[in-house]
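Peer 1: What follows is the file coords05.cif, containing mmCIF, C-alpha atoms:
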data_model
#
loop_
_atom_site.label_atom_id
_atom_site.label_comp_id
_atom_site.auth_asym_id
_atom_site.auth_seq_id
_atom_site.Cartn_x
_atom_site.Cartn_y
_atom_site.Cartn_z
CA MET A 1 0.00 0.00 0.00
CA ALA A 2 1.21 3.46 -0.84
CA ASP A 3 0.70 4.62 2.76
CA TYR A 4 3.61 2.49 3.93
CA PRO A 5 7.23 3.42 3.26
CA ILE A 6 9.45 1.26 1.03
CA SER A 7 12.39 1.61 3.43
CA ARG A 8 13.28 3.26 6.72
CA PHE A 9 16.25 4.83 4.89
CA PRO A 10 16.03 7.52 2.19
CA VAL A 11 14.69 6.34 -1.18
CA PRO A 12 15.94 8.41 -4.12
CA ASP A 13 13.59 9.63 -6.83
CA LEU A 14 13.92 7.78 -10.12
CA ALA A 15 14.99 11.02 -11.82
CA GLU A 16 17.92 11.35 -9.39
CA LEU A 17 19.43 7.92 -10.06
CA PRO A 18 22.79 7.63 -11.84
CA GLY A 19 22.30 6.78 -15.53
CA ASP A 20 23.40 3.14 -15.33
CA ILE A 21 21.16 2.43 -12.36
CA ARG A 22 18.23 4.26 -13.97
CA ALA A 23 18.69 2.14 -17.12
CA MET A 24 18.65 -1.03 -15.00
CA VAL A 25 15.49 0.09 -13.20
CA ASP A 26 13.82 1.02 -16.50
CA THR A 27 14.63 -2.42 -17.92
CA ILE A 28 13.16 -4.26 -14.93
CA GLN A 29 10.09 -2.01 -15.01
CA GLU A 30 9.52 -2.78 -18.69
CA LYS A 31 9.91 -6.51 -18.02
CA SER A 32 7.75 -6.79 -14.89
CA GLY A 33 5.38 -3.83 -15.24
CA PHE A 34 6.51 -2.27 -11.95
CA VAL A 35 9.71 -1.37 -10.09
CA PRO A 36 10.48 -3.89 -7.36
CA ASN A 37 11.15 -1.99 -4.15
CA VAL A 38 14.56 -3.60 -3.70
CA PHE A 39 15.84 -1.52 -6.61
CA LEU A 40 14.59 1.69 -5.07
CA ALA A 41 15.70 0.92 -1.53
CA LEU A 42 19.22 -0.16 -2.48
CA ALA A 43 19.66 2.78 -4.87
CA TYR A 44 20.27 4.89 -1.75
CA ARG A 45 23.90 3.66 -1.96
CA PRO A 46 24.76 3.47 -5.71
CA GLU A 47 28.15 1.71 -5.41
CA GLU A 48 26.70 -0.97 -3.16
CA PHE A 49 23.67 -1.25 -5.48
CA ARG A 50 25.99 -2.02 -8.41
CA ALA A 51 27.97 -4.61 -6.43
CA PHE A 52 24.83 -6.23 -5.04
CA PHE A 53 23.14 -6.63 -8.40
CA ALA A 54 26.35 -7.78 -10.10
CA MET A 55 26.57 -10.65 -7.61
CA HIS A 56 22.82 -11.29 -7.70
CA ASP A 57 22.76 -11.53 -11.48
CA THR A 58 25.89 -13.68 -11.59
CA LEU A 59 24.29 -16.24 -9.26
CA MET A 60 20.67 -16.09 -10.34
CA ASP A 61 20.86 -15.66 -14.12
CA LYS A 62 23.09 -18.64 -14.93
CA THR A 63 21.72 -21.07 -17.46
CA GLU A 64 23.98 -24.03 -16.66
CA GLY A 65 23.71 -26.28 -13.63
CA LEU A 66 20.82 -25.50 -11.34
CA SER A 67 17.61 -24.43 -13.03
CA LYS A 68 16.27 -20.94 -12.41
CA ALA A 69 13.42 -22.48 -10.39
CA GLU A 70 15.93 -24.39 -8.23
CA ARG A 71 17.83 -21.15 -7.62
CA GLU A 72 14.61 -19.45 -6.49
CA LEU A 73 13.79 -22.45 -4.30
CA ILE A 74 17.02 -21.83 -2.38
CA VAL A 75 16.16 -18.16 -1.93
CA VAL A 76 12.67 -18.85 -0.58
CA ALA A 77 13.80 -21.60 1.81
CA THR A 78 16.72 -19.66 3.28
CA SER A 79 14.90 -16.32 3.34
CA ALA A 80 12.09 -17.87 5.36
CA VAL A 81 14.58 -19.16 7.93
CA ASN A 82 16.15 -15.67 8.00
CA ASP A 83 12.73 -14.05 8.60
CA CYS A 84 12.94 -11.94 5.46
CA LEU A 85 9.46 -10.89 4.41
CA TYR A 86 10.67 -9.05 1.30
CA CYS A 87 12.61 -11.97 -0.17
CA VAL A 88 10.03 -14.62 0.71
CA VAL A 89 7.26 -12.62 -0.96
CA ALA A 90 9.24 -11.38 -3.99
CA HIS A 91 11.15 -14.58 -4.69
CA GLY A 92 8.12 -16.67 -3.78
CA ALA A 93 6.35 -14.98 -6.71
CA ILE A 94 9.30 -15.70 -8.99
CA LEU A 95 9.41 -19.32 -7.79
CA ARG A 96 5.71 -19.75 -8.55
CA ILE A 97 6.34 -18.46 -12.08
CA ARG A 98 9.51 -20.45 -12.76
CA SER A 99 8.33 -23.71 -11.20
CA LYS A 100 4.82 -23.37 -12.66
CA ASN A 101 3.63 -24.55 -9.24
CA PRO A 102 1.40 -22.15 -7.28
CA LEU A 103 1.81 -24.12 -4.02
CA LEU A 104 5.57 -24.67 -3.80
CA ALA A 105 6.71 -21.25 -2.56
CA ASP A 106 4.22 -21.17 0.30
CA GLN A 107 5.00 -24.74 1.31
CA VAL A 108 8.75 -24.11 1.35
CA ALA A 109 8.42 -20.79 3.18
CA ILE A 110 6.21 -22.21 5.90
CA ASN A 111 7.77 -25.63 6.41
CA PRO A 112 10.40 -26.82 3.92
CA TRP A 113 10.53 -30.25 5.55
CA LYS A 114 6.89 -30.93 4.66
CA ALA A 115 6.89 -29.29 1.23
CA ASP A 116 6.12 -31.45 -1.81
CA LEU A 117 9.66 -31.66 -3.17
CA SER A 118 11.37 -34.07 -5.54
CA ASP A 119 14.42 -35.90 -4.19
CA ARG A 120 16.66 -33.42 -6.03
CA GLU A 121 14.79 -30.41 -4.64
CA ARG A 122 14.90 -31.93 -1.15
CA ALA A 123 18.68 -32.31 -1.36
CA ILE A 124 19.03 -28.71 -2.59
CA VAL A 125 16.86 -27.31 0.18
CA ASP A 126 18.47 -29.42 2.91
CA PHE A 127 21.98 -28.41 1.86
CA ALA A 128 21.02 -24.73 1.44
CA LEU A 129 19.50 -24.70 4.92
CA HIS A 130 22.65 -26.29 6.33
CA VAL A 131 24.70 -23.48 4.77
CA CYS A 132 22.17 -20.94 6.02
CA THR A 133 21.91 -22.10 9.60
CA ASP A 134 25.10 -23.96 10.47
CA SER A 135 27.79 -23.44 7.83
CA GLY A 136 30.56 -23.96 10.35
CA THR A 137 29.72 -27.65 10.56
CA ILE A 138 29.86 -28.41 6.82
CA THR A 139 32.37 -31.18 6.19
CA ASP A 140 33.90 -32.94 3.22
CA ASP A 141 31.37 -35.71 3.86
CA ASP A 142 28.53 -33.22 3.26
CA ILE A 143 30.05 -32.24 -0.07
CA GLU A 144 30.56 -35.89 -1.02
CA SER A 145 26.98 -36.64 -0.04
CA MET A 146 25.79 -33.98 -2.49
CA ARG A 147 28.04 -35.42 -5.20
CA SER A 148 26.63 -38.89 -4.54
CA LYS A 149 23.16 -37.43 -5.15
CA GLY A 150 24.27 -36.30 -8.60
CA PHE A 151 25.27 -32.69 -8.00
CA THR A 152 28.31 -31.26 -9.73
CA THR A 153 30.96 -29.27 -7.90
CA ASP A 154 29.64 -26.08 -9.51
CA GLU A 155 26.05 -26.85 -8.48
CA ILE A 156 27.16 -27.45 -4.88
CA TRP A 157 29.06 -24.16 -4.94
CA ASP A 158 26.02 -22.36 -6.38
CA ILE A 159 23.71 -23.73 -3.69
CA GLY A 160 26.09 -22.48 -1.02
CA ALA A 161 26.77 -19.16 -2.73
CA ILE A 162 23.08 -18.40 -3.20
CA ALA A 163 22.34 -19.24 0.44
CA ALA A 164 25.25 -17.04 1.54
CA PHE A 165 24.40 -14.14 -0.76
CA PHE A 166 20.80 -14.11 0.34
CA ALA A 167 21.90 -14.06 3.98
CA LEU A 168 23.30 -10.63 3.10
CA SER A 169 20.19 -9.70 1.13
CA ASN A 170 17.86 -10.84 3.92
CA ARG A 171 19.72 -8.86 6.52
CA MET A 172 19.72 -5.71 4.38
CA ALA A 173 16.00 -6.10 3.69
CA ASN A 174 15.36 -6.47 7.42
CA LEU A 175 17.68 -3.57 8.32
CA THR A 176 15.90 -1.27 5.89
CA SER A 177 12.43 -2.68 6.68
CA MET A 178 12.06 -3.16 2.94
CA ARG A 179 8.42 -3.56 1.98
CA PRO A 180 7.45 -6.09 -0.69
CA ASN A 181 5.53 -4.61 -3.61
CA ASP A 182 1.84 -5.45 -3.44
CA GLU A 183 2.10 -6.83 -7.00
CA PHE A 184 4.18 -9.79 -5.83
CA TYR A 185 1.46 -11.25 -3.62
CA GLY A 186 -0.90 -12.19 -6.42
CA MET A 187 1.58 -13.28 -9.07
CA ALA A 188 1.17 -16.81 -10.51
CA ARG A 189 -1.54 -17.82 -8.07
#
Turn this file's structure into C-alpha cells for me.

Peer 2:
Amino acid sequence: MADYPISRFPVPDLAELPGDIRAMVDTIQEKSGFVPNVFLALAYRPEEFRAFFAMHDTLMDKTEGLSKAERELIVVATSAVNDCLYCVVAHGAILRIRSKNPLLADQVAINPWKADLSDRERAIVDFALHVCTDSGTITDDDIESMRSKGFTTDEIWDIGAIAAFFALSNRMANLTSMRPNDEFYGMAR
C-alpha cells in the first residue's frame, strides 16, 4: 500500500538515479510492469547497489547447472529461515512463475521439511539450509553426499553461494524494513 514506506532509509527519486542504475530500473520495469522496491531501496547507496546486483545476477541468471526455479527455491527456503518478508514474498512470486507450481513457494516458506519436493529439490533445500543455519559444521562428507546425489561441484558451490548471498540480502532487507511490492502477492496464483 502506498501509505507504507518502502524503506526506513532515504529512497531516491527515479529522476535522481545515476544513468546506469536508472537504465537497469527502466529495464526491470519494462519486463515486470513495476519497479520492485529492492531496486529503489538499495539505490540509496549506488556503489553498493551495483555490487549487489552484479553478484545477484551472476548467481541467479546462470543457465547451466541448477535451473532458475531451483535457484529461487534456495532463496525462498533460506529467506524464510532468516525471517525476510521481502525476499520470501518477492522470490516466492518468482518461484511460482519459474516452477509453474502455485503451491511450492508457500510450502517451502512455511515448512520446507513438509513441502512437496522431488528428491533433487529436497537435497538442494536441505543443503542450502545447512549453509544458512550452520555453515561452520559443513564437512567434506557433506560435499561428497551432495556429489553422490548427482550434483556437480559447480552446483554445490552455487547452492552455497546463493544461500550465503541471500543471507546478506535478507539482513539488508530487514535492516531497511524493505516492503514487498503489493504486485508480488498475487503473481502466478

Peer 1: Take CA of Glu72 in chain A and CA of Met60 in chain A and report the distance between them in Å, one decimal.

Peer 2: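 Taking CA of Glu72 in chain A and CA of Met60 in chain A, their separation equals 7.9 Å.
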
Peer 1: From the set A:Ile97, A:Ala173, A:Leu14, A:Ile143, which residue has the shortest atom-to-atom contact distance to Ser79 in chain A, counting all atoms listed in the file?

Peer 2: A:Ala173

Peer 1: What does the distance between CA of His91 in chain A and CA of Val76 in chain A come to in Å, to one decimal place?

Peer 2: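 Those two atoms sit 6.1 Å apart.
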
Peer 1: Using the chain letters and numbering of this document, enumerate as a list in words the residues selected by the PyMOL selection byres ((chain A and resi 148-155) around 9).

Peer 2: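 What the PyMOL selection byres ((chain A and resi 148-155) around 9) grabs from the file is Glu64, Gly65, Leu66, Asp119, Arg120, Ala123, Ile143, Glu144, Ser145, Met146, Arg147, Ile156, Trp157, Asp158, Ile159 and Gly160 of chain A.
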
Peer 1: Given the file shown, enumerate the residues that the PyMOL selection byres ((chain A and resi 38-43) around 12) captures and present them as an MDAnalysis selection string.

Peer 2: chainID A and resid 5:29 34:37 44:53 56 86:87 89:91 169:170 172:181

Peer 1: Hey, can you spit out that residue selection with C-alpha atoms as a short mmCIF file (atom, residue, chain, number, x, y, z; two decimals), keeping the file's coordinate frame?

Peer 2:
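The resulting file, result-v7.cif, is shown below:
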data_model
loop_
_atom_site.label_atom_id
_atom_site.label_comp_id
_atom_site.auth_asym_id
_atom_site.auth_seq_id
_atom_site.Cartn_x
_atom_site.Cartn_y
_atom_site.Cartn_z
CA PRO A 5 7.23 3.42 3.26
CA ILE A 6 9.45 1.26 1.03
CA SER A 7 12.39 1.61 3.43
CA ARG A 8 13.28 3.26 6.72
CA PHE A 9 16.25 4.83 4.89
CA PRO A 10 16.03 7.52 2.19
CA VAL A 11 14.69 6.34 -1.18
CA PRO A 12 15.94 8.41 -4.12
CA ASP A 13 13.59 9.63 -6.83
CA LEU A 14 13.92 7.78 -10.12
CA ALA A 15 14.99 11.02 -11.82
CA GLU A 16 17.92 11.35 -9.39
CA LEU A 17 19.43 7.92 -10.06
CA PRO A 18 22.79 7.63 -11.84
CA GLY A 19 22.30 6.78 -15.53
CA ASP A 20 23.40 3.14 -15.33
CA ILE A 21 21.16 2.43 -12.36
CA ARG A 22 18.23 4.26 -13.97
CA ALA A 23 18.69 2.14 -17.12
CA MET A 24 18.65 -1.03 -15.00
CA VAL A 25 15.49 0.09 -13.20
CA ASP A 26 13.82 1.02 -16.50
CA THR A 27 14.63 -2.42 -17.92
CA ILE A 28 13.16 -4.26 -14.93
CA GLN A 29 10.09 -2.01 -15.01
CA PHE A 34 6.51 -2.27 -11.95
CA VAL A 35 9.71 -1.37 -10.09
CA PRO A 36 10.48 -3.89 -7.36
CA ASN A 37 11.15 -1.99 -4.15
CA TYR A 44 20.27 4.89 -1.75
CA ARG A 45 23.90 3.66 -1.96
CA PRO A 46 24.76 3.47 -5.71
CA GLU A 47 28.15 1.71 -5.41
CA GLU A 48 26.70 -0.97 -3.16
CA PHE A 49 23.67 -1.25 -5.48
CA ARG A 50 25.99 -2.02 -8.41
CA ALA A 51 27.97 -4.61 -6.43
CA PHE A 52 24.83 -6.23 -5.04
CA PHE A 53 23.14 -6.63 -8.40
CA HIS A 56 22.82 -11.29 -7.70
CA TYR A 86 10.67 -9.05 1.30
CA CYS A 87 12.61 -11.97 -0.17
CA VAL A 89 7.26 -12.62 -0.96
CA ALA A 90 9.24 -11.38 -3.99
CA HIS A 91 11.15 -14.58 -4.69
CA SER A 169 20.19 -9.70 1.13
CA ASN A 170 17.86 -10.84 3.92
CA MET A 172 19.72 -5.71 4.38
CA ALA A 173 16.00 -6.10 3.69
CA ASN A 174 15.36 -6.47 7.42
CA LEU A 175 17.68 -3.57 8.32
CA THR A 176 15.90 -1.27 5.89
CA SER A 177 12.43 -2.68 6.68
CA MET A 178 12.06 -3.16 2.94
CA ARG A 179 8.42 -3.56 1.98
CA PRO A 180 7.45 -6.09 -0.69
CA ASN A 181 5.53 -4.61 -3.61
#

Peer 1: Name the residues that the PyMOL selection byres ((chain A and resi 99) around 9) pulls out of this structure, and write them as a list in words.

Peer 2: Lys68, Ala69, Glu70, Glu72, Leu73, Ile94, Leu95, Arg96, Ile97, Arg98, Lys100, Asn101, Pro102 and Leu104 of chain A

Peer 1: Can you work out which one of A:Val75, A:Ala80, A:Leu103, A:Phe184 has the shortest atom-to-atom distance to Asp116 in chain A, counting all atoms listed in the file?

Peer 2: A:Leu103

Peer 1: Choose the residue, out of A:Ala163, A:Asp57, A:Ala115, A:Gly186, that has the smallest atom-to-atom separation from Asp134 in chain A; count only C-alpha atoms.

Peer 2: A:Ala163

Peer 1: Do you have the CA of Trp113 in chain A-CA of Cys84 in chain A distance handy?

Peer 2: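 About the pair CA of Trp113 in chain A and CA of Cys84 in chain A: they are 18.5 Å apart.
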
Peer 1: My list of candidates is A:Thr58, A:Asn82, A:Thr139, A:Thr63. Which is closest to Ile162 in chain A when distances are computed with all atoms listed in the file?

Peer 2: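 Comparing A:Thr58, A:Asn82, A:Thr139, A:Thr63 against Ile162 in chain A, the winner is A:Thr58.
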
Peer 1: Can I get range 34-50 of chain A with N, CA and C atoms filled in, as a short mmCIF file (atom, residue, chain, number, x, y, z; two decimals), in the coordinates of the input?

Peer 2:
data_model
loop_
_atom_site.label_atom_id
_atom_site.label_comp_id
_atom_site.auth_asym_id
_atom_site.auth_seq_id
_atom_site.Cartn_x
_atom_site.Cartn_y
_atom_site.Cartn_z
N PHE A 34 6.37 -3.11 -13.15
CA PHE A 34 6.51 -2.27 -11.95
C PHE A 34 7.98 -2.29 -11.53
N VAL A 35 8.34 -1.41 -10.60
CA VAL A 35 9.71 -1.37 -10.09
C VAL A 35 9.73 -2.07 -8.74
N PRO A 36 10.37 -3.24 -8.66
CA PRO A 36 10.48 -3.89 -7.36
C PRO A 36 11.18 -2.97 -6.36
N ASN A 37 10.64 -2.92 -5.16
CA ASN A 37 11.15 -1.99 -4.15
C ASN A 37 12.61 -2.18 -3.80
N VAL A 38 13.15 -3.38 -4.00
CA VAL A 38 14.56 -3.60 -3.70
C VAL A 38 15.44 -2.67 -4.53
N PHE A 39 15.05 -2.40 -5.77
CA PHE A 39 15.84 -1.52 -6.61
C PHE A 39 15.83 -0.10 -6.07
N LEU A 40 14.69 0.34 -5.60
CA LEU A 40 14.59 1.69 -5.07
C LEU A 40 15.29 1.83 -3.73
N ALA A 41 15.09 0.85 -2.86
CA ALA A 41 15.70 0.92 -1.53
C ALA A 41 17.22 0.87 -1.59
N LEU A 42 17.76 -0.02 -2.41
CA LEU A 42 19.22 -0.16 -2.48
C LEU A 42 19.87 0.95 -3.29
N ALA A 43 19.10 1.67 -4.09
CA ALA A 43 19.66 2.78 -4.87
C ALA A 43 20.13 3.93 -3.98
N TYR A 44 19.78 3.90 -2.71
CA TYR A 44 20.27 4.89 -1.75
C TYR A 44 21.81 4.92 -1.73
N ARG A 45 22.44 3.77 -1.96
CA ARG A 45 23.90 3.66 -1.96
C ARG A 45 24.33 3.09 -3.32
N PRO A 46 24.54 3.94 -4.34
CA PRO A 46 24.76 3.47 -5.71
C PRO A 46 25.90 2.47 -5.89
N GLU A 47 27.03 2.65 -5.23
CA GLU A 47 28.15 1.71 -5.41
C GLU A 47 27.78 0.34 -4.86
N GLU A 48 27.12 0.30 -3.74
CA GLU A 48 26.70 -0.97 -3.16
C GLU A 48 25.59 -1.60 -4.02
N PHE A 49 24.71 -0.78 -4.57
CA PHE A 49 23.67 -1.25 -5.48
C PHE A 49 24.32 -2.01 -6.64
N ARG A 50 25.32 -1.39 -7.26
CA ARG A 50 25.99 -2.02 -8.41
C ARG A 50 26.63 -3.35 -8.02
#
